[in-house]
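Structure data follow from run_33.txt (compact mmCIF, N, CA and C atoms):
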```
# COMPACT_ATOMS: atom_id res chain seq x y z
N ARG J 12 -10.62 40.83 15.58
CA ARG J 12 -10.44 39.74 14.64
C ARG J 12 -9.70 38.58 15.26
N THR J 13 -10.16 37.40 15.03
CA THR J 13 -9.47 36.24 15.56
C THR J 13 -8.54 35.68 14.49
N ALA J 14 -7.51 35.03 14.95
CA ALA J 14 -6.55 34.41 14.02
C ALA J 14 -7.23 33.26 13.29
N ALA J 15 -6.84 33.08 12.08
CA ALA J 15 -7.41 31.97 11.28
C ALA J 15 -6.95 30.64 11.88
N ALA J 16 -7.84 29.70 11.85
CA ALA J 16 -7.48 28.36 12.34
C ALA J 16 -6.45 27.75 11.40
N PRO J 17 -5.56 26.92 11.94
CA PRO J 17 -4.60 26.26 11.05
C PRO J 17 -5.34 25.37 10.06
N PRO J 18 -4.80 25.21 8.87
CA PRO J 18 -5.49 24.37 7.89
C PRO J 18 -5.59 22.93 8.37
N GLU J 19 -6.67 22.30 8.01
CA GLU J 19 -6.84 20.89 8.35
C GLU J 19 -5.83 20.07 7.56
N PRO J 20 -5.27 19.03 8.18
CA PRO J 20 -4.36 18.19 7.40
C PRO J 20 -5.12 17.50 6.28
N LYS J 21 -4.47 17.34 5.15
CA LYS J 21 -5.11 16.67 4.02
C LYS J 21 -5.22 15.19 4.31
N PRO J 22 -6.37 14.59 4.00
CA PRO J 22 -6.47 13.14 4.17
C PRO J 22 -5.61 12.46 3.12
N PRO J 23 -5.16 11.23 3.39
CA PRO J 23 -4.40 10.51 2.38
C PRO J 23 -5.25 10.37 1.11
N PRO J 24 -4.63 10.31 -0.06
CA PRO J 24 -5.39 10.24 -1.30
C PRO J 24 -6.44 9.13 -1.31
N ALA J 25 -6.09 7.94 -0.82
CA ALA J 25 -7.04 6.83 -0.88
C ALA J 25 -8.28 7.09 -0.03
N ALA J 26 -8.08 7.71 1.11
CA ALA J 26 -9.22 7.95 1.99
C ALA J 26 -10.18 8.95 1.37
N ALA J 27 -9.63 9.88 0.59
CA ALA J 27 -10.46 10.93 0.04
C ALA J 27 -11.09 10.58 -1.30
N ALA J 28 -10.34 9.91 -2.16
CA ALA J 28 -10.79 9.83 -3.54
C ALA J 28 -10.67 8.46 -4.19
N GLY J 29 -10.37 7.44 -3.43
CA GLY J 29 -10.14 6.14 -4.02
C GLY J 29 -11.40 5.49 -4.58
N ASP J 30 -11.25 4.89 -5.74
CA ASP J 30 -12.31 4.13 -6.39
C ASP J 30 -11.90 2.67 -6.35
N ALA J 31 -12.47 1.92 -5.41
CA ALA J 31 -12.08 0.53 -5.20
C ALA J 31 -12.32 -0.34 -6.43
N ALA J 32 -13.39 -0.07 -7.17
CA ALA J 32 -13.68 -0.88 -8.36
C ALA J 32 -12.58 -0.69 -9.41
N ASN J 33 -12.16 0.55 -9.62
CA ASN J 33 -11.06 0.78 -10.55
C ASN J 33 -9.75 0.23 -9.98
N GLY J 34 -9.59 0.34 -8.66
CA GLY J 34 -8.40 -0.20 -8.00
C GLY J 34 -8.27 -1.70 -8.21
N ALA J 35 -9.42 -2.40 -8.22
CA ALA J 35 -9.39 -3.85 -8.45
C ALA J 35 -8.85 -4.15 -9.85
N LYS J 36 -9.20 -3.31 -10.82
CA LYS J 36 -8.69 -3.49 -12.19
C LYS J 36 -7.20 -3.18 -12.23
N LEU J 37 -6.80 -2.10 -11.60
CA LEU J 37 -5.40 -1.71 -11.58
C LEU J 37 -4.54 -2.72 -10.83
N PHE J 38 -5.14 -3.42 -9.88
CA PHE J 38 -4.42 -4.40 -9.07
C PHE J 38 -3.92 -5.57 -9.92
N ALA J 39 -4.42 -5.71 -11.14
CA ALA J 39 -3.98 -6.80 -12.02
C ALA J 39 -2.46 -6.83 -12.14
N GLN J 40 -1.82 -5.66 -12.18
CA GLN J 40 -0.36 -5.62 -12.27
C GLN J 40 0.30 -6.15 -10.99
N CYS J 41 -0.38 -6.04 -9.87
CA CYS J 41 0.16 -6.49 -8.58
C CYS J 41 0.03 -8.00 -8.42
N LYS J 42 -0.99 -8.58 -9.10
CA LYS J 42 -1.25 -10.01 -8.97
C LYS J 42 -0.12 -10.88 -9.49
N ILE J 43 0.80 -10.29 -10.24
CA ILE J 43 1.95 -11.05 -10.71
C ILE J 43 2.71 -11.60 -9.51
N CYS J 44 2.77 -10.83 -8.44
CA CYS J 44 3.52 -11.23 -7.25
C CYS J 44 2.66 -11.43 -6.00
N HIS J 45 1.52 -10.73 -5.91
CA HIS J 45 0.72 -10.73 -4.69
C HIS J 45 -0.64 -11.39 -4.87
N SER J 46 -1.02 -12.18 -3.88
CA SER J 46 -2.35 -12.77 -3.81
C SER J 46 -3.22 -11.90 -2.92
N THR J 47 -4.53 -12.04 -3.08
CA THR J 47 -5.46 -11.37 -2.16
C THR J 47 -6.14 -12.39 -1.25
N GLU J 48 -5.74 -13.64 -1.37
CA GLU J 48 -6.30 -14.70 -0.53
C GLU J 48 -5.50 -14.81 0.77
N PRO J 49 -6.20 -14.94 1.91
CA PRO J 49 -5.48 -15.08 3.18
C PRO J 49 -4.54 -16.28 3.14
N GLY J 50 -3.30 -16.08 3.57
CA GLY J 50 -2.35 -17.17 3.69
C GLY J 50 -1.73 -17.65 2.39
N LYS J 51 -2.10 -17.07 1.27
CA LYS J 51 -1.55 -17.52 -0.01
C LYS J 51 -0.51 -16.51 -0.50
N ASN J 52 0.75 -16.78 -0.14
CA ASN J 52 1.84 -15.91 -0.56
C ASN J 52 2.37 -16.36 -1.91
N GLY J 53 2.91 -15.42 -2.65
CA GLY J 53 3.57 -15.71 -3.92
C GLY J 53 4.98 -15.17 -3.85
N LEU J 54 5.43 -14.53 -4.92
CA LEU J 54 6.73 -13.86 -4.87
C LEU J 54 6.70 -12.76 -3.81
N GLY J 55 5.51 -12.18 -3.61
CA GLY J 55 5.28 -11.21 -2.55
C GLY J 55 4.27 -11.78 -1.58
N PRO J 56 4.11 -11.14 -0.44
CA PRO J 56 3.15 -11.65 0.55
C PRO J 56 1.70 -11.44 0.11
N SER J 57 0.80 -12.23 0.68
CA SER J 57 -0.63 -12.01 0.49
C SER J 57 -0.95 -10.61 1.02
N LEU J 58 -1.82 -9.90 0.31
CA LEU J 58 -2.19 -8.56 0.74
C LEU J 58 -3.58 -8.52 1.38
N HIS J 59 -4.12 -9.70 1.66
CA HIS J 59 -5.41 -9.75 2.36
C HIS J 59 -5.23 -9.19 3.76
N GLY J 60 -6.03 -8.19 4.11
CA GLY J 60 -5.98 -7.60 5.45
C GLY J 60 -4.75 -6.75 5.69
N ILE J 61 -4.07 -6.33 4.64
CA ILE J 61 -2.81 -5.59 4.81
C ILE J 61 -3.02 -4.22 5.44
N VAL J 62 -4.12 -3.54 5.11
CA VAL J 62 -4.35 -2.19 5.65
C VAL J 62 -4.55 -2.28 7.16
N GLY J 63 -3.73 -1.53 7.88
CA GLY J 63 -3.78 -1.52 9.33
C GLY J 63 -2.80 -2.48 9.98
N SER J 64 -2.16 -3.33 9.19
CA SER J 64 -1.20 -4.29 9.76
C SER J 64 0.20 -3.71 9.78
N LYS J 65 1.07 -4.35 10.54
CA LYS J 65 2.47 -3.94 10.60
C LYS J 65 3.22 -4.53 9.41
N ALA J 66 4.18 -3.79 8.89
CA ALA J 66 5.02 -4.28 7.80
C ALA J 66 5.75 -5.55 8.25
N ALA J 67 5.91 -6.47 7.32
CA ALA J 67 6.63 -7.73 7.55
C ALA J 67 5.92 -8.63 8.55
N ASP J 68 4.60 -8.54 8.61
CA ASP J 68 3.82 -9.33 9.57
C ASP J 68 2.82 -10.23 8.86
N VAL J 69 3.23 -10.85 7.75
CA VAL J 69 2.38 -11.80 7.05
C VAL J 69 2.99 -13.18 7.25
N ALA J 70 2.23 -14.07 7.88
CA ALA J 70 2.72 -15.40 8.20
C ALA J 70 3.19 -16.14 6.96
N GLY J 71 4.32 -16.82 7.09
CA GLY J 71 4.81 -17.67 6.02
C GLY J 71 5.56 -16.96 4.92
N PHE J 72 5.77 -15.65 5.02
CA PHE J 72 6.51 -14.95 3.99
C PHE J 72 7.86 -14.51 4.55
N ASN J 73 8.91 -14.71 3.77
CA ASN J 73 10.26 -14.35 4.18
C ASN J 73 10.58 -12.92 3.73
N PHE J 74 10.38 -11.97 4.62
CA PHE J 74 10.60 -10.57 4.30
C PHE J 74 12.08 -10.21 4.36
N SER J 75 12.44 -9.16 3.63
CA SER J 75 13.82 -8.66 3.66
C SER J 75 14.11 -8.08 5.04
N PRO J 76 15.38 -8.10 5.44
CA PRO J 76 15.73 -7.44 6.70
C PRO J 76 15.31 -5.98 6.72
N ALA J 77 15.37 -5.31 5.57
CA ALA J 77 14.98 -3.90 5.51
C ALA J 77 13.50 -3.72 5.84
N MET J 78 12.65 -4.59 5.30
CA MET J 78 11.22 -4.48 5.59
C MET J 78 10.95 -4.82 7.05
N LYS J 79 11.63 -5.86 7.56
CA LYS J 79 11.44 -6.23 8.97
C LYS J 79 11.82 -5.08 9.89
N ALA J 80 12.83 -4.31 9.52
CA ALA J 80 13.32 -3.22 10.36
C ALA J 80 12.63 -1.88 10.07
N SER J 81 11.72 -1.85 9.11
CA SER J 81 11.13 -0.57 8.67
C SER J 81 10.26 0.09 9.74
N GLY J 82 9.62 -0.70 10.59
CA GLY J 82 8.75 -0.14 11.62
C GLY J 82 7.45 0.45 11.08
N LEU J 83 7.14 0.18 9.82
CA LEU J 83 5.95 0.76 9.19
C LEU J 83 4.68 0.04 9.62
N THR J 84 3.59 0.77 9.65
CA THR J 84 2.25 0.22 9.75
C THR J 84 1.55 0.66 8.47
N TRP J 85 0.86 -0.28 7.82
CA TRP J 85 0.27 0.00 6.51
C TRP J 85 -1.06 0.75 6.62
N THR J 86 -0.96 2.04 6.82
CA THR J 86 -2.13 2.93 6.77
C THR J 86 -2.28 3.37 5.31
N ASP J 87 -3.37 4.05 5.00
CA ASP J 87 -3.54 4.59 3.65
C ASP J 87 -2.36 5.49 3.28
N ALA J 88 -1.97 6.36 4.19
CA ALA J 88 -0.89 7.31 3.92
C ALA J 88 0.44 6.59 3.72
N THR J 89 0.74 5.61 4.57
CA THR J 89 2.00 4.88 4.45
C THR J 89 2.03 4.08 3.16
N LEU J 90 0.91 3.42 2.84
CA LEU J 90 0.85 2.68 1.57
C LEU J 90 1.06 3.62 0.39
N SER J 91 0.47 4.79 0.44
CA SER J 91 0.63 5.75 -0.65
C SER J 91 2.10 6.14 -0.80
N ASP J 92 2.74 6.48 0.31
CA ASP J 92 4.17 6.84 0.27
C ASP J 92 5.00 5.68 -0.28
N TYR J 93 4.70 4.48 0.17
CA TYR J 93 5.47 3.30 -0.25
C TYR J 93 5.26 3.02 -1.73
N LEU J 94 4.01 3.07 -2.18
CA LEU J 94 3.71 2.70 -3.56
C LEU J 94 4.19 3.73 -4.59
N ILE J 95 4.52 4.93 -4.15
CA ILE J 95 5.12 5.90 -5.08
C ILE J 95 6.46 5.36 -5.57
N ALA J 96 7.27 4.85 -4.64
CA ALA J 96 8.61 4.34 -4.97
C ALA J 96 9.05 3.40 -3.85
N PRO J 97 8.64 2.13 -3.93
CA PRO J 97 8.95 1.19 -2.85
C PRO J 97 10.42 1.13 -2.44
N MET J 98 11.32 1.12 -3.41
CA MET J 98 12.74 0.97 -3.09
C MET J 98 13.34 2.23 -2.48
N LYS J 99 12.67 3.36 -2.65
CA LYS J 99 13.12 4.59 -1.99
C LYS J 99 12.58 4.67 -0.57
N LYS J 100 11.32 4.24 -0.38
CA LYS J 100 10.70 4.28 0.95
C LYS J 100 11.36 3.28 1.89
N VAL J 101 11.66 2.08 1.38
CA VAL J 101 12.32 1.04 2.19
C VAL J 101 13.51 0.51 1.39
N PRO J 102 14.65 1.23 1.45
CA PRO J 102 15.83 0.75 0.73
C PRO J 102 16.19 -0.66 1.20
N GLY J 103 16.37 -1.56 0.24
CA GLY J 103 16.68 -2.95 0.58
C GLY J 103 15.47 -3.85 0.52
N THR J 104 14.27 -3.30 0.23
CA THR J 104 13.09 -4.15 0.10
C THR J 104 13.28 -5.11 -1.07
N LYS J 105 12.64 -6.25 -1.00
CA LYS J 105 12.69 -7.21 -2.10
C LYS J 105 11.72 -6.83 -3.21
N MET J 106 10.85 -5.84 -2.95
CA MET J 106 9.84 -5.46 -3.94
C MET J 106 10.48 -4.64 -5.05
N ALA J 107 10.85 -5.33 -6.12
CA ALA J 107 11.50 -4.69 -7.26
C ALA J 107 10.42 -4.16 -8.21
N PHE J 108 9.81 -3.07 -7.83
CA PHE J 108 8.72 -2.47 -8.59
C PHE J 108 8.97 -0.97 -8.60
N ALA J 109 8.87 -0.35 -9.76
CA ALA J 109 9.18 1.08 -9.89
C ALA J 109 8.23 1.96 -9.10
N GLY J 110 6.97 1.54 -8.96
CA GLY J 110 6.01 2.32 -8.20
C GLY J 110 4.85 2.79 -9.06
N VAL J 111 3.90 3.46 -8.41
CA VAL J 111 2.70 3.99 -9.07
C VAL J 111 2.75 5.50 -8.89
N ALA J 112 3.20 6.20 -9.92
CA ALA J 112 3.38 7.64 -9.82
C ALA J 112 2.05 8.40 -9.85
N ASN J 113 1.05 7.87 -10.55
CA ASN J 113 -0.22 8.56 -10.70
C ASN J 113 -1.01 8.53 -9.38
N ASP J 114 -1.27 9.72 -8.83
CA ASP J 114 -1.96 9.83 -7.53
C ASP J 114 -3.31 9.14 -7.53
N LYS J 115 -4.10 9.33 -8.57
CA LYS J 115 -5.45 8.74 -8.63
C LYS J 115 -5.37 7.22 -8.70
N ASN J 116 -4.48 6.70 -9.53
CA ASN J 116 -4.34 5.23 -9.62
C ASN J 116 -3.89 4.64 -8.30
N ARG J 117 -2.95 5.31 -7.64
CA ARG J 117 -2.46 4.83 -6.35
C ARG J 117 -3.59 4.85 -5.31
N ALA J 118 -4.37 5.93 -5.30
CA ALA J 118 -5.50 6.03 -4.38
C ALA J 118 -6.53 4.93 -4.64
N ASP J 119 -6.76 4.62 -5.91
CA ASP J 119 -7.72 3.57 -6.27
C ASP J 119 -7.22 2.21 -5.81
N ILE J 120 -5.94 1.92 -6.00
CA ILE J 120 -5.38 0.64 -5.54
C ILE J 120 -5.50 0.53 -4.03
N ILE J 121 -5.20 1.60 -3.33
CA ILE J 121 -5.30 1.57 -1.86
C ILE J 121 -6.75 1.40 -1.41
N ALA J 122 -7.68 2.05 -2.09
CA ALA J 122 -9.10 1.85 -1.78
C ALA J 122 -9.48 0.38 -1.95
N TYR J 123 -8.97 -0.24 -3.00
CA TYR J 123 -9.21 -1.67 -3.21
C TYR J 123 -8.60 -2.50 -2.08
N LEU J 124 -7.37 -2.20 -1.70
CA LEU J 124 -6.71 -2.93 -0.60
C LEU J 124 -7.54 -2.84 0.68
N ASN J 125 -8.22 -1.70 0.86
CA ASN J 125 -9.07 -1.53 2.04
C ASN J 125 -10.28 -2.46 2.05
N THR J 126 -10.64 -3.02 0.89
CA THR J 126 -11.77 -3.95 0.84
C THR J 126 -11.37 -5.38 1.18
N LEU J 127 -10.09 -5.65 1.28
CA LEU J 127 -9.59 -7.02 1.48
C LEU J 127 -9.49 -7.35 2.97
N LYS J 128 -10.64 -7.50 3.61
CA LYS J 128 -10.66 -7.75 5.06
C LYS J 128 -11.33 -9.04 5.39
```

Would you give me this structure, written as structure tokens?
Amino acid sequence: RTAAAPPEPKPPPAAAAGDAANGAKLFAQCKICHSTEPGKNGLGPSLHGIVGSKAADVAGFNFSPAMKASGLTWTDATLSDYLIAPMKKVPGTKMAFAGVANDKNRADIIAYLNTLK
């Protein structure tokens, strides 16, 4: 008998189950602070092209020192961790938002963010 192979790592929720169309609807709450247009920052930075970029790397936006020092890259998994509780993931962030606790809603929002390229 051979030993069982180690379990495959679980893909991030957005990669596995995100519904971008529903995510676009859920993103309405994010539009209060974030634009999806390139170069158009609001209270928060534009989120156009955010997936795959480094944290605090949006031109023209004044990020908190905590976000600048976070060293994060916005992958599906990192976005999911951050969006659960932004102020816990990056203490000192300017993003005063409680987070998205629902796994499916968070995955849908991230799937939508993946369309903004």

Selection: 6.5 Å around Leu94 (chain J), all atoms listed in the file, excl. self and same-chain fewer than 4 positions, as a PyMOL selection string: chain J and resi 89-90+109-112

Anything within 6.5 Å of (-5.5, -11.8, 3.4): list those residues as a PyMOL selection string, counting all atoms listed in the file and sticking to the file's coordinates. chain J and resi 47-50+57-61+127

For Asp119 (chain J): contacts at 10 Å, only C-alpha atoms, fewer than 6 positions along chain excluded, given as a ChimeraX atom specification: /J:24-26,28-38,125

First collect every listed atom of region 26-35 of chain J; then fit an axis-aligned box around them, widen it by 3 Å on each side, and give centre and edge lengths in Å to one decimal, as AutoDock Vina command-line options.
```
--center_x -10.9 --center_y 3.4 --center_z -4.3 --size_x 11.6 --size_y 21.1 --size_z 18.5
```

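Minimum atom-to-atom distance to Trp85 (chain J), evaluated using only N, CA and C atoms, belongs to J:Gly63 out of J:Lys115, J:Ala39, J:Gly63, J:Asn52.
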
Neighbours of point (14.4, -6.6, 3.1) within 8 Å, using only N, CA and C atoms, written as a PyMOL selection string: chain J and resi 73-80+101-106

Region 19-121 of chain J: residues DSSP assigns to alpha helix (DSSP H), reported as an MDAnalysis selection string: chainID J and resid 24:28 31:37 76:79 87:95 97:100 114:121

Using only C-alpha atoms, which of the listed residues (J:Cys41, J:Ala96, J:Ile120, J:Ala66) sits closest to Leu54 (chain J)?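 Using only C-alpha atoms, Leu54 (chain J) sits closest to J:Cys41.
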
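Put simply, atom C of Gly71 (chain J) is 29.5 Å away from atom N of Asn116 (chain J).
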
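For the pair CA of Ser81 (chain J) and CA of Lys51 (chain J), the interatomic distance is 22.9 Å.
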
When you count only N, CA and C atoms, which of these residues is closest to Gly53 (chain J): J:Phe72, J:Gly82, J:Pro97, J:Lys65?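 So, comparing all the options, the nearest one is J:Phe72.
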
Rounded to one decimal place, report the atom N of Tyr123 (chain J)-CA of Lys99 (chain J) distance in Å. 22.6 Å
